[in-house]
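coords.csv, holding CSV, C-alpha atoms:
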```csv
chain,number,residue,atom,x,y,z
A,1,MET,CA,-72.3,35.2,34.3
A,2,ALA,CA,-70.4,32.0,35.1
A,3,GLU,CA,-67.8,33.1,32.5
A,4,ASP,CA,-67.2,36.3,34.3
A,5,LYS,CA,-66.8,34.6,37.6
A,6,ILE,CA,-64.3,32.2,36.3
A,7,ARG,CA,-62.5,34.9,34.5
A,8,ASN,CA,-62.4,36.9,37.8
A,9,LEU,CA,-61.2,33.9,39.7
A,10,LEU,CA,-58.5,33.1,37.3
A,11,GLN,CA,-57.3,36.7,37.2
A,12,LYS,CA,-57.2,36.8,41.0
A,13,ALA,CA,-55.1,33.7,41.0
A,14,ASP,CA,-52.9,35.2,38.3
A,15,GLU,CA,-52.4,38.3,40.5
A,16,MET,CA,-51.6,36.1,43.4
A,17,ALA,CA,-48.9,34.2,41.4
A,18,GLY,CA,-47.3,37.5,40.6
A,19,GLU,CA,-44.8,38.2,37.9
A,20,PRO,CA,-42.7,35.3,36.7
A,21,VAL,CA,-39.1,35.4,37.8
A,22,GLY,CA,-36.0,34.3,36.0
A,23,ILE,CA,-36.2,36.3,32.7
A,24,PRO,CA,-32.5,37.4,32.5
A,25,ALA,CA,-31.7,41.0,31.4
A,26,GLY,CA,-29.3,39.9,28.7
A,27,LEU,CA,-31.7,37.4,27.2
A,28,ALA,CA,-31.0,38.4,23.6
A,29,ALA,CA,-27.3,38.1,24.1
A,30,VAL,CA,-27.7,34.7,25.7
A,31,VAL,CA,-29.9,33.6,22.8
A,32,ARG,CA,-27.4,34.9,20.2
A,33,GLN,CA,-24.6,33.1,21.9
A,34,ARG,CA,-26.6,29.9,22.0
A,35,ALA,CA,-27.3,30.3,18.3
A,36,ARG,CA,-23.7,30.9,17.6
A,37,HIS,CA,-22.8,27.8,19.6
A,38,ARG,CA,-25.4,25.7,17.7
A,39,ARG,CA,-24.0,27.1,14.4
A,40,PHE,CA,-20.5,26.1,15.5
A,41,VAL,CA,-21.7,22.6,16.6
A,42,ASN,CA,-23.4,22.2,13.3
A,43,SER,CA,-20.4,23.4,11.4
A,44,ALA,CA,-18.2,21.1,13.5
A,45,GLY,CA,-20.6,18.3,12.8
A,46,LEU,CA,-20.4,19.0,9.1
A,47,ILE,CA,-16.7,19.3,9.1
A,48,THR,CA,-16.4,16.0,11.0
A,49,ALA,CA,-18.8,14.3,8.6
A,50,ALA,CA,-16.8,15.7,5.7
A,51,ALA,CA,-13.6,14.5,7.3
A,52,VAL,CA,-15.1,11.1,7.9
A,53,LEU,CA,-16.2,11.0,4.3
A,54,VAL,CA,-12.8,12.0,3.1
A,55,ILE,CA,-11.1,9.3,5.2
A,56,ALA,CA,-13.7,6.7,4.1
A,57,ALA,CA,-13.1,7.7,0.5
A,58,GLY,CA,-9.3,7.6,1.0
A,59,LEU,CA,-9.6,4.1,2.6
A,60,TRP,CA,-11.9,3.0,-0.2
A,61,TYR,CA,-9.5,4.3,-2.9
A,62,SER,CA,-6.5,2.7,-1.1
A,63,THR,CA,-8.4,-0.6,-0.9
A,64,THR,CA,-9.3,-0.4,-4.6
A,65,ARG,CA,-5.8,0.6,-5.6
A,66,THR,CA,-4.4,-2.3,-3.6
A,67,ALA,CA,-6.8,-4.7,-5.3
A,68,ARG,CA,-5.9,-3.2,-8.7
A,69,THR,CA,-2.1,-3.6,-8.1
A,70,ARG,CA,-2.4,-7.1,-6.7
A,71,PRO,CA,-1.5,-8.8,-10.1
A,72,GLU,CA,1.5,-6.4,-10.4
A,73,GLN,CA,2.6,-7.3,-7.0
A,74,LYS,CA,2.4,-11.0,-7.9
A,75,ARG,CA,4.6,-10.3,-10.9
A,76,ILE,CA,7.0,-8.4,-8.8
A,77,ALA,CA,7.1,-11.2,-6.3
A,78,ALA,CA,7.8,-13.7,-9.1
A,79,LEU,CA,10.5,-11.5,-10.5
A,80,GLU,CA,12.0,-11.1,-7.1
A,81,GLY,CA,12.0,-14.9,-6.7
A,82,GLN,CA,13.7,-15.3,-10.1
A,83,ILE,CA,16.3,-12.7,-9.1
A,84,GLN,CA,17.0,-14.5,-5.9
A,85,GLU,CA,17.3,-17.8,-7.7
A,86,LEU,CA,19.8,-16.1,-10.2
A,87,GLN,CA,21.7,-14.6,-7.3
A,88,ALA,CA,22.0,-18.1,-5.7
A,89,ARG,CA,23.1,-19.6,-9.0
A,90,THR,CA,25.7,-16.8,-9.5
A,91,ASP,CA,27.0,-17.3,-6.0
A,92,ALA,CA,27.3,-21.1,-6.6
A,93,THR,CA,29.2,-20.4,-9.9
A,94,LEU,CA,31.5,-18.0,-8.2
A,95,ASN,CA,32.2,-20.5,-5.5
A,96,LEU,CA,32.9,-23.1,-8.1
A,97,ILE,CA,35.3,-20.7,-10.0
A,98,ARG,CA,37.0,-20.0,-6.7
A,99,GLU,CA,37.5,-23.7,-6.0
A,100,VAL,CA,38.8,-24.3,-9.6
A,101,LEU,CA,41.2,-21.5,-9.3
A,102,GLU,CA,42.4,-22.7,-6.0
A,103,ASP,CA,42.8,-26.2,-7.5
A,104,GLU,CA,44.8,-24.8,-10.4
A,105,ARG,CA,47.0,-22.8,-8.0
A,106,HIS,CA,47.6,-26.0,-6.0
A,107,GLN,CA,48.3,-28.0,-9.2
A,108,SER,CA,50.7,-25.3,-10.4
A,109,ARG,CA,52.5,-25.4,-7.1
A,110,LEU,CA,52.6,-29.1,-7.3
A,111,ASP,CA,54.0,-29.0,-10.8
A,112,GLY,CA,56.7,-26.6,-9.7
A,113,LEU,CA,57.6,-28.9,-6.8
A,114,GLU,CA,57.6,-31.9,-9.2
A,115,ALA,CA,59.8,-30.0,-11.6
A,116,GLU,CA,62.1,-29.1,-8.8
A,117,LEU,CA,62.1,-32.6,-7.7
A,118,ALA,CA,62.7,-33.8,-11.2
A,119,SER,CA,65.7,-31.5,-11.4
A,120,ILE,CA,67.3,-33.3,-8.5
A,121,ARG,CA,69.5,-36.2,-9.8
A,122,ASP,CA,68.8,-39.8,-8.8
A,123,PRO,CA,71.4,-40.7,-6.1
A,124,LEU,CA,71.6,-44.3,-7.4
A,125,GLU,CA,72.2,-43.0,-10.9
A,126,GLU,CA,74.8,-40.7,-9.6
A,127,VAL,CA,76.4,-43.6,-7.7
A,128,ARG,CA,76.2,-45.6,-10.9
A,129,ARG,CA,77.7,-42.8,-12.9
A,130,GLN,CA,80.5,-42.4,-10.4
A,131,VAL,CA,81.1,-46.1,-10.4
A,132,ASP,CA,81.1,-46.1,-14.2
A,133,ARG,CA,83.5,-43.2,-14.2
A,134,THR,CA,85.8,-44.8,-11.7
A,135,ALA,CA,85.8,-48.0,-13.7
A,136,PHE,CA,86.6,-46.0,-16.9
A,137,ILE,CA,89.5,-44.2,-15.2
A,138,LEU,CA,90.8,-47.5,-13.9
A,139,ILE,CA,90.5,-49.0,-17.4
A,140,TYR,CA,92.2,-46.0,-18.9
A,141,GLU,CA,95.1,-46.2,-16.4
A,142,ALA,CA,95.4,-49.9,-17.1
A,143,ASP,CA,95.5,-49.3,-20.8
A,144,GLN,CA,98.2,-46.6,-20.3
A,145,MET,CA,100.1,-49.0,-18.1
A,146,TYR,CA,99.7,-51.9,-20.6
A,147,ARG,CA,101.3,-49.8,-23.4
A,148,ASP,CA,104.3,-49.4,-21.2
A,149,ARG,CA,105.9,-52.9,-21.4
A,150,SER,CA,107.4,-52.6,-18.0
A,151,GLN,CA,104.0,-52.2,-16.3
A,152,ARG,CA,102.0,-54.8,-18.2
A,153,GLY,CA,101.7,-56.9,-15.0
A,154,ALA,CA,100.3,-53.9,-13.1
A,155,ALA,CA,98.0,-53.3,-16.0
A,156,ILE,CA,96.6,-56.8,-15.8
A,157,GLN,CA,96.2,-56.4,-12.0
A,158,ALA,CA,94.3,-53.2,-12.7
A,159,TYR,CA,92.0,-54.9,-15.2
A,160,LYS,CA,91.3,-57.6,-12.7
A,161,ARG,CA,90.7,-55.0,-10.0
A,162,VAL,CA,88.0,-53.4,-12.2
A,163,ILE,CA,86.4,-56.8,-12.8
A,164,GLY,CA,86.6,-57.5,-9.0
A,165,LEU,CA,85.3,-54.1,-7.9
A,166,PHE,CA,82.6,-53.5,-10.6
A,167,PRO,CA,81.7,-56.9,-12.0
A,168,GLU,CA,78.4,-55.8,-13.5
A,169,ASN,CA,79.7,-52.6,-15.1
A,170,ARG,CA,80.4,-52.4,-18.8
A,171,TRP,CA,84.0,-51.5,-18.1
A,172,ALA,CA,84.3,-54.7,-16.2
A,173,GLU,CA,83.3,-56.4,-19.5
A,174,GLU,CA,85.9,-54.2,-21.3
A,175,ALA,CA,88.5,-55.3,-18.7
A,176,ARG,CA,87.6,-59.0,-19.4
A,177,GLN,CA,88.0,-58.5,-23.1
A,178,LYS,CA,91.4,-56.7,-22.6
A,179,LEU,CA,92.5,-59.6,-20.3
A,180,SER,CA,91.3,-62.1,-22.9
A,181,GLU,CA,93.1,-60.4,-25.7
A,182,ILE,CA,96.3,-60.2,-23.5
A,183,GLU,CA,95.9,-63.9,-22.8
A,184,LYS,CA,95.4,-64.7,-26.5
A,185,ARG,CA,98.5,-62.7,-27.3
A,186,LYS,CA,100.4,-64.5,-24.7
A,187,THR,CA,99.2,-67.8,-26.2
A,188,ARG,CA,100.1,-66.8,-29.7
A,189,LYS,CA,103.5,-65.7,-28.6
A,190,LEU,CA,104.0,-69.0,-26.9
A,191,ASP,CA,102.7,-70.9,-29.9
A,192,SER,CA,105.1,-68.9,-32.2
A,193,LYS,CA,107.9,-69.6,-29.8
A,194,GLY,CA,107.1,-73.3,-29.8
A,195,GLU,CA,107.1,-73.4,-33.5
A,196,LEU,CA,110.3,-71.7,-33.6
A,197,LEU,CA,111.8,-74.1,-31.2
B,1,MET,CA,-49.5,44.1,28.6
B,2,VAL,CA,-50.4,43.8,25.0
B,3,VAL,CA,-50.2,47.5,24.5
B,4,MET,CA,-46.4,47.3,24.3
B,5,ALA,CA,-46.5,45.4,21.1
B,6,GLY,CA,-48.4,48.2,19.5
B,7,SER,CA,-45.6,50.6,20.1
B,8,ILE,CA,-43.1,48.5,18.2
B,9,ASP,CA,-42.9,48.6,14.5
B,10,ASP,CA,-42.8,44.9,14.1
B,11,GLU,CA,-42.4,44.8,10.4
B,12,ARG,CA,-39.5,47.1,10.5
B,13,LEU,CA,-37.8,45.1,13.2
B,14,VAL,CA,-38.3,41.9,11.3
B,15,ARG,CA,-36.9,43.4,8.1
B,16,GLN,CA,-33.9,44.8,9.9
B,17,PHE,CA,-33.2,41.4,11.5
B,18,SER,CA,-33.5,39.8,8.0
B,19,GLN,CA,-30.9,42.2,6.8
B,20,GLY,CA,-28.5,41.1,9.5
B,21,ASP,CA,-29.1,43.7,12.1
B,22,ASP,CA,-29.0,41.8,15.4
B,23,SER,CA,-30.0,44.8,17.4
B,24,ALA,CA,-33.5,44.4,16.0
B,25,PHE,CA,-33.7,41.1,17.8
B,26,ASP,CA,-32.6,42.8,21.0
B,27,ARG,CA,-35.6,45.2,20.7
B,28,ILE,CA,-38.0,42.4,20.0
B,29,VAL,CA,-36.8,40.6,23.1
B,30,GLU,CA,-37.0,43.8,25.1
B,31,GLY,CA,-40.5,44.4,23.9
B,32,TYR,CA,-42.0,41.0,24.2
B,33,SER,CA,-40.0,39.0,26.8
B,34,ALA,CA,-42.3,40.1,29.7
B,35,ASP,CA,-45.4,39.1,27.8
B,36,ILE,CA,-43.9,35.8,26.7
B,37,GLY,CA,-42.7,35.1,30.2
B,38,ARG,CA,-46.1,35.8,31.6
B,39,LEU,CA,-47.9,33.7,29.0
B,40,ALA,CA,-45.4,30.8,29.5
B,41,SER,CA,-45.9,31.1,33.3
B,42,ARG,CA,-49.7,30.9,33.0
B,43,LEU,CA,-49.6,28.1,30.5
B,44,LEU,CA,-47.3,26.0,32.7
B,45,GLY,CA,-49.5,26.6,35.8
B,46,TRP,CA,-47.6,29.5,37.4
B,47,PRO,CA,-44.3,27.6,38.2
B,48,GLY,CA,-42.6,30.9,39.0
B,49,ASP,CA,-39.3,30.3,37.2
B,50,VAL,CA,-39.7,30.3,33.5
B,51,ASP,CA,-36.2,31.4,32.3
B,52,ASP,CA,-35.4,28.1,30.5
B,53,VAL,CA,-38.6,28.0,28.6
B,54,VAL,CA,-38.5,31.7,27.7
B,55,GLN,CA,-34.9,31.3,26.5
B,56,ASP,CA,-36.0,28.3,24.4
B,57,ILE,CA,-38.8,30.3,23.0
B,58,PHE,CA,-36.6,33.2,22.0
B,59,PHE,CA,-34.0,30.8,20.6
B,60,ALA,CA,-36.7,29.4,18.3
B,61,VAL,CA,-37.7,33.0,17.4
B,62,PHE,CA,-34.1,33.8,16.6
B,63,LEU,CA,-33.8,30.8,14.3
B,64,GLY,CA,-37.1,31.3,12.6
B,65,LEU,CA,-37.5,35.0,12.5
B,66,LYS,CA,-36.0,35.3,9.0
B,67,LYS,CA,-38.7,32.8,7.8
B,68,PHE,CA,-41.5,34.9,9.3
B,69,ARG,CA,-43.6,35.9,6.3
B,70,GLY,CA,-45.9,38.4,8.1
B,71,ASP,CA,-49.1,36.4,7.6
B,72,CYS,CA,-50.1,37.4,11.1
B,73,SER,CA,-48.9,39.9,13.6
B,74,LEU,CA,-45.5,39.3,15.3
B,75,LYS,CA,-47.2,39.0,18.6
B,76,THR,CA,-49.5,36.3,17.4
B,77,TRP,CA,-46.5,34.5,15.9
B,78,LEU,CA,-44.6,34.8,19.1
B,79,PHE,CA,-47.5,33.6,21.2
B,80,THR,CA,-48.0,30.6,18.8
B,81,ILE,CA,-44.3,29.7,19.4
B,82,THR,CA,-44.8,30.1,23.1
B,83,VAL,CA,-47.9,27.8,23.1
B,84,ASN,CA,-46.1,25.2,21.2
B,85,LYS,CA,-42.9,25.4,23.3
B,86,CYS,CA,-44.9,25.2,26.5
B,87,ARG,CA,-46.8,22.2,25.2
B,88,ARG,CA,-43.6,20.4,24.6
B,89,TYR,CA,-42.0,21.7,27.7
B,90,ARG,CA,-44.9,20.6,29.8
B,91,TYR,CA,-44.6,17.1,28.6
B,92,GLY,CA,-40.9,17.0,29.1
B,93,ARG,CA,-39.7,14.9,31.9
B,94,MET,CA,-37.3,17.5,33.2
B,95,LEU,CA,-39.8,20.2,33.5
B,96,ARG,CA,-42.2,17.9,35.3
B,97,LEU,CA,-39.6,17.1,37.9
B,98,ARG,CA,-38.6,20.7,38.2
B,99,ALA,CA,-42.2,21.8,38.5
B,100,ILE,CA,-42.8,19.3,41.3
B,101,SER,CA,-39.7,20.4,43.2
B,102,LYS,CA,-39.9,24.2,42.6
B,103,ALA,CA,-43.5,25.0,42.2
B,104,GLY,CA,-44.4,24.6,45.8
B,105,ASP,CA,-41.5,26.8,47.1
B,106,ASN,CA,-42.1,29.5,44.5
B,107,ILE,CA,-45.8,29.6,44.9
B,108,ALA,CA,-45.6,29.5,48.7
B,109,HIS,CA,-43.1,32.3,48.6
B,110,THR,CA,-45.1,34.4,46.1
B,111,ALA,CA,-48.3,33.8,47.9
B,112,GLY,CA,-46.8,34.7,51.2
B,113,CYS,CA,-45.6,38.0,49.9
B,114,ASP,CA,-48.9,39.1,48.3
B,115,ARG,CA,-51.3,37.6,50.8
B,116,GLY,CA,-52.0,40.9,52.5
B,117,GLU,CA,-52.9,42.7,49.3
B,118,SER,CA,-54.6,39.9,47.3
B,119,ALA,CA,-58.2,39.1,47.5
B,120,MET,CA,-57.4,35.4,47.4
B,121,ASP,CA,-55.7,33.3,50.1
B,122,SER,CA,-53.0,30.8,49.3
B,123,GLU,CA,-55.3,27.9,49.8
B,124,ALA,CA,-57.7,29.2,47.2
B,125,PHE,CA,-54.9,30.1,44.9
B,126,ASP,CA,-53.6,26.5,45.2
B,127,ARG,CA,-57.0,25.1,44.4
B,128,VAL,CA,-57.3,27.3,41.3
B,129,ARG,CA,-53.8,26.5,40.2
B,130,ARG,CA,-54.4,22.8,40.6
B,131,ALA,CA,-57.7,23.0,38.7
B,132,VAL,CA,-56.0,24.9,35.8
B,133,VAL,CA,-53.1,22.6,35.7
B,134,ALA,CA,-55.4,19.6,35.7
B,135,LEU,CA,-57.2,20.9,32.6
B,136,PRO,CA,-56.2,19.2,29.3
B,137,ALA,CA,-53.7,21.3,27.4
B,138,LYS,CA,-56.1,22.4,24.7
B,139,TYR,CA,-58.6,23.7,27.3
B,140,ARG,CA,-55.9,25.3,29.4
B,141,GLU,CA,-54.4,27.1,26.5
B,142,ALA,CA,-57.7,28.5,25.4
B,143,VAL,CA,-58.5,29.7,29.0
B,144,VAL,CA,-55.2,31.3,29.5
B,145,LEU,CA,-55.1,33.1,26.2
B,146,ARG,CA,-58.7,34.2,26.4
B,147,TYR,CA,-59.2,35.1,30.1
B,148,LEU,CA,-55.7,35.8,31.3
B,149,GLN,CA,-54.0,37.2,28.2
B,150,ASP,CA,-57.2,39.0,27.3
B,151,LEU,CA,-56.8,38.2,23.6
B,152,SER,CA,-59.7,38.3,21.3
B,153,THR,CA,-61.3,35.0,20.1
B,154,ASP,CA,-59.9,35.8,16.7
B,155,GLU,CA,-56.4,36.0,18.0
B,156,VAL,CA,-56.7,33.0,20.2
B,157,SER,CA,-58.1,30.9,17.3
B,158,ARG,CA,-55.2,32.0,15.1
B,159,ILE,CA,-52.7,31.2,17.8
B,160,LEU,CA,-54.2,27.7,18.4
B,161,SER,CA,-54.9,27.2,14.7
B,162,ILE,CA,-58.5,26.3,15.3
B,163,SER,CA,-61.7,27.9,14.3
B,164,GLU,CA,-63.6,30.3,16.6
B,165,ASN,CA,-66.3,27.8,17.0
B,166,ALA,CA,-63.9,25.1,18.1
B,167,LEU,CA,-62.4,27.7,20.5
B,168,GLN,CA,-65.8,28.4,21.9
B,169,VAL,CA,-66.4,24.7,22.5
B,170,ARG,CA,-63.1,24.4,24.3
B,171,LEU,CA,-63.7,27.4,26.4
B,172,SER,CA,-67.2,26.1,27.3
B,173,ARG,CA,-65.8,22.7,28.3
B,174,ALA,CA,-63.0,24.3,30.2
B,175,ARG,CA,-65.4,26.5,32.2
B,176,ARG,CA,-67.6,23.5,33.0
B,177,ARG,CA,-64.6,21.7,34.4
B,178,LEU,CA,-63.4,24.7,36.4
B,179,LYS,CA,-66.9,25.3,37.7
B,180,GLN,CA,-67.1,21.8,39.0
B,181,GLU,CA,-63.7,22.1,40.6
B,182,LEU,CA,-64.0,25.6,42.0
B,183,ALA,CA,-67.7,25.9,42.7
B,184,GLU,CA,-67.1,26.8,46.4
B,185,LEU,CA,-64.8,29.7,45.5
B,186,MET,CA,-67.2,31.0,42.9
B,187,GLU,CA,-70.1,31.4,45.3
B,188,PRO,CA,-70.8,35.0,46.3
```
Please re-express this file's structure in structure tokens.
Amino acid sequence: MAEDKIRNLLQKADEMAGEPVGIPAGLAAVVRQRARHRRFVNSAGLITAAAVLVIAAGLWYSTTRTARTRPEQKRIAALEGQIQELQARTDATLNLIREVLEDERHQSRLDGLEAELASIRDPLEEVRRQVDRTAFILIYEADQMYRDRSQRGAAIQAYKRVIGLFPENRWAEEARQKLSEIEKRKTRKLDSKGELL
Amino acid sequence: MVVMAGSIDDERLVRQFSQGDDSAFDRIVEGYSADIGRLASRLLGWPGDVDDVVQDIFFAVFLGLKKFRGDCSLKTWLFTITVNKCRRYRYGRMLRLRAISKAGDNIAHTAGCDRGESAMDSEAFDRVRRAVVALPAKYREAVVLRYLQDLSTDEVSRILSISENALQVRLSRARRRLKQELAELMEP
């Protein structure tokens, strides 16, 4: 009995509430669209997760590879250091060669100049040679004059001039010998004349 | 209300849907949306607007229909989903807030419209509604399915996954509580 009353009361309240509102006409389409969206989100999530995994794997592989190649990199760095050192040495040698060549060029030029300078006669020697030659000519003329009997006085004056002008010259010595011989001859002549007398 | 389900060849619709025919789902929605909406409204204490929860229910149906093995009727399966969804929905914070803000307006509006024809005034309706809403979920579900949906005890016990004895106990306790709350309205 009580059950019927309660049932009756509830049904009256249900009638009073009326039909629920808000059930859309295209509910199935809305649900399908929602399912598609969810599928898309799930796919996108999977794709994103896969992409993240791929990136992570790539990073891991890259890191591992870097670690693996570290000894090789050290060797390469050492070789690069050696190459740089060799380069520096080569540069230094080239600079040295350049300097040596430059020095040789200077030396060669200097030798040329010295040779040129050596080819130039010594002025003193020239003067000495000229003096010698003059003295010789004077002696020669004096000798020529002495052979001529009439000019023997002039020849003796010429020998004396040579001795006076060039006392240190060898021709001055020659002139002194000539004068000495002339004097000796004169003495001998006088001696012979005295004996004759 | 329940008669509509009988006119639908549920097995055929489920099979068609499993084979990729989306129009089968359209027909299921068309056939059961009113019943589902009504049950959801009753389980949630006649909030008036149940579009969100009905959409959630059919969304769950769409996702799970291919897994439906036919151990029970499609209607029972749909009602089970509805009960579960409403249970969750009721405890959801959003629904509680919405129920607080909308229920009064909707109920007042509905009650105002039907007052002339109905045998119950809005004050009495409000008392009944509050008494039903105040029932624990397991009692409210049993009451709604048995007295408002007019389902047999066998169907209700299947939907709630309890024995018929347990259902009888729940109904008895629910009646006792409602009797205490609504004694004045029940007097002849």
Practice prompt. Give me, as number ranges by chain, the contact residues of chain A against chain B at a cut-off of 12 Å, counting all atoms listed in the file.
Written response: A: 1-39
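Note that atom CA of B:Ser161 and atom CA of B:Leu65 are 19.2 Å apart.
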Practice prompt. Using atom CA of A:Ala88 and atom CA of A:Asp103 as the two end points, give the distance in Å to one decimal.
Written response: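 Going from atom CA of A:Ala88 over to atom CA of A:Asp103 covers 22.4 Å.
With only C-alpha atoms taken into account, the protein and nucleic acid residues at most 7 Å from B:Val156 (excluding it and anything under 5 positions from it in its own chain) are Ala142, Leu145, Arg146 and Leu151 of chain B.
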Practice prompt. Take atom CA of A:Arg149 and atom CA of A:Leu165 and report the distance between them in Å, one decimal.
Written response: 24.7 Å
Item to complete: For A:Ile163, list every protein, DNA or RNA residue within 8 Å, evaluated using only C-alpha atoms, and leave out those in the same chain fewer than 3 positions away; present the list as number ranges by chain.
Response: A: 159-160, 166-167, 171-173, 175-176
Worksheet item: Of the residues B:Gln16, B:Gln168, B:Ser73, B:Asn84, which is the one nearest to B:Glu155, using only C-alpha atoms?
Response: B:Ser73
Item to complete: Would you please work out which residue, of B:Gln19, B:Thr82, B:Leu43, B:Glu11, is nearest to B:Arg69 when using all atoms listed in the file?
Response: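 Checking each candidate against B:Arg69, we get B:Glu11 as the closest.
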Restore all heavy atoms in stretch 73-80 of chain B and list the result as a compact mmCIF listing (two decimals), keeping the file's coordinate frame.
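And here's out-v3.txt as it stands now:
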```
# COMPACT_ATOMS: atom_id res chain seq x y z
N SER B 73 -49.70 38.96 12.93
CA SER B 73 -48.90 39.90 13.60
C SER B 73 -47.71 39.19 14.32
O SER B 73 -47.79 37.98 14.58
CB SER B 73 -49.69 40.69 14.67
OG SER B 73 -50.03 39.81 15.72
N LEU B 74 -46.64 39.93 14.59
CA LEU B 74 -45.50 39.30 15.30
C LEU B 74 -45.86 38.79 16.61
O LEU B 74 -45.41 37.71 17.02
CB LEU B 74 -44.37 40.39 15.41
CG LEU B 74 -43.07 39.90 16.02
CD1 LEU B 74 -42.43 38.84 15.15
CD2 LEU B 74 -42.09 41.04 16.25
N LYS B 75 -46.76 39.51 17.30
CA LYS B 75 -47.20 39.00 18.60
C LYS B 75 -47.90 37.70 18.52
O LYS B 75 -47.61 36.78 19.30
CB LYS B 75 -48.14 40.08 19.25
CG LYS B 75 -48.47 39.77 20.69
CD LYS B 75 -49.45 40.76 21.26
CE LYS B 75 -50.87 40.40 20.83
NZ LYS B 75 -51.88 41.25 21.48
N THR B 76 -48.78 37.56 17.55
CA THR B 76 -49.50 36.30 17.40
C THR B 76 -48.50 35.16 17.07
O THR B 76 -48.60 34.06 17.60
CB THR B 76 -50.51 36.41 16.21
OG1 THR B 76 -51.39 37.50 16.50
CG2 THR B 76 -51.31 35.14 16.04
N TRP B 77 -47.53 35.50 16.22
CA TRP B 77 -46.50 34.50 15.90
C TRP B 77 -45.71 34.08 17.11
O TRP B 77 -45.47 32.90 17.35
CB TRP B 77 -45.61 35.08 14.79
CG TRP B 77 -44.59 34.12 14.23
CD1 TRP B 77 -44.84 33.03 13.46
CD2 TRP B 77 -43.18 34.19 14.41
NE1 TRP B 77 -43.67 32.40 13.14
CE2 TRP B 77 -42.62 33.09 13.70
CE3 TRP B 77 -42.32 35.06 15.07
CZ2 TRP B 77 -41.25 32.84 13.65
CZ3 TRP B 77 -40.94 34.82 15.00
CH2 TRP B 77 -40.42 33.72 14.31
N LEU B 78 -45.34 35.08 17.89
CA LEU B 78 -44.60 34.80 19.10
C LEU B 78 -45.40 33.97 20.10
O LEU B 78 -44.88 33.04 20.74
CB LEU B 78 -44.13 36.11 19.79
CG LEU B 78 -43.08 36.94 19.04
CD1 LEU B 78 -42.87 38.28 19.74
CD2 LEU B 78 -41.76 36.20 18.95
N PHE B 79 -46.67 34.31 20.24
CA PHE B 79 -47.50 33.60 21.20
C PHE B 79 -47.74 32.12 20.67
O PHE B 79 -47.83 31.20 21.47
CB PHE B 79 -48.87 34.27 21.32
CG PHE B 79 -48.84 35.41 22.31
CD1 PHE B 79 -47.62 35.92 22.77
CD2 PHE B 79 -50.01 35.99 22.80
CE1 PHE B 79 -47.58 36.97 23.68
CE2 PHE B 79 -49.97 37.02 23.73
CZ PHE B 79 -48.76 37.53 24.16
N THR B 80 -47.81 31.97 19.34
CA THR B 80 -48.00 30.60 18.80
C THR B 80 -46.73 29.77 19.16
O THR B 80 -46.86 28.61 19.61
CB THR B 80 -48.10 30.66 17.25
OG1 THR B 80 -49.16 31.53 16.92
CG2 THR B 80 -48.36 29.29 16.68
```
